[in-house]
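For reference, the structure discussed in these notes is given below.
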Amino acid sequence: QVQLVESGGGLVQAGGSLRLSCKASGSIFSDFSGSVMDWYRQAPGKQRELVASITSDRSTEYVDSVKGRFTISRDNAKRTVYLQMNSLKPEDTAVYYCNRHGSVWSWGPGTQVTVSS
């Protein structure tokens, strides 16, 4: 099994920045480096939303609402995926999760991001 642990969230004022990390551990057969990795977020009362994706060759995609503000990256040696979030807005407030695209692993606890206006 693979365990995912997200970190780096917190309380920040609008316009501020945060860098989230998500580390995968557990099964050595998880093929982290060959997997497309996603960041998701879930705001209170809303469905989980795909925010950003990164392929094994580091191609990236973003939901329109974060384009130009968020950057996803990965370090395969550390089995970690990152989300740099700049120019944060109150509407970015949510619990953020990472997971493998498609055949997901068990969800981690997420990390809370709260942006005050």
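Numbering starts fresh at 1 for the residues of each chain in the structure tokens, the chains themselves are lettered A, B, ... in the order given, and ligands are numbered from 1 as they appear.
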
*Got a sec to tell me which of stretch 23-105 of chain A DSSP assigns to helix (DSSP H, G or I), as a list in words?*
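So, restricting stretch 23-105 of chain A to helix (DSSP H, G or I), we get Asp64, Ser65, Val66, Asn76, Ala77, Lys78, Pro90, Glu91 and Asp92 of chain A.
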
*Which of stretch 10-79 of chain A counts as strand (DSSP E) under DSSP, as an NGL selection string please?*
:A and (10-13 or 18-26 or 37-42 or 49-54 or 60-62 or 70-75)

*Within 9 Å of A:His101, counting only C-alpha atoms, which residues qualify if same-chain residues fewer than 4 places away don't, as a ChimeraX atom specification?*
/A:35-38,53

Filtering to C-alpha atoms, could you give me those residues as a compact mmCIF listing (two decimals), in the first residue's frame?
```
# COMPACT_ATOMS: atom_id res chain seq x y z
CA SER A 35 2.52 8.11 -12.34
CA VAL A 36 0.61 11.24 -13.19
CA MET A 37 0.12 13.04 -9.88
CA ASP A 38 -2.74 15.39 -9.07
CA SER A 53 -1.70 17.62 -12.62
```

*Using only C-alpha atoms: which of A:Cys22, A:Ser103, A:Ser59, A:Val95 has the shortest distance to A:Gly45*: A:Val95

*Which one is closest to A:Val12: A:Arg100, A:Leu88, A:Ser56, A:Gly110? Count only C-alpha atoms.*
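Of A:Arg100, A:Leu88, A:Ser56, A:Gly110, the one nearest A:Val12 is A:Leu88, counting only C-alpha atoms.
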
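Put simply, atom CA of A:Leu50 is 7.1 Å away from atom CA of A:Val63.
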
*Looking at A:Arg69, A:Lys89, A:Arg41, A:Lys78, which one is nearest to A:Leu11, with distances taken over only C-alpha atoms?*
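Between A:Arg69, A:Lys89, A:Arg41, A:Lys78, the residue approaching A:Leu11 most closely is A:Lys89.
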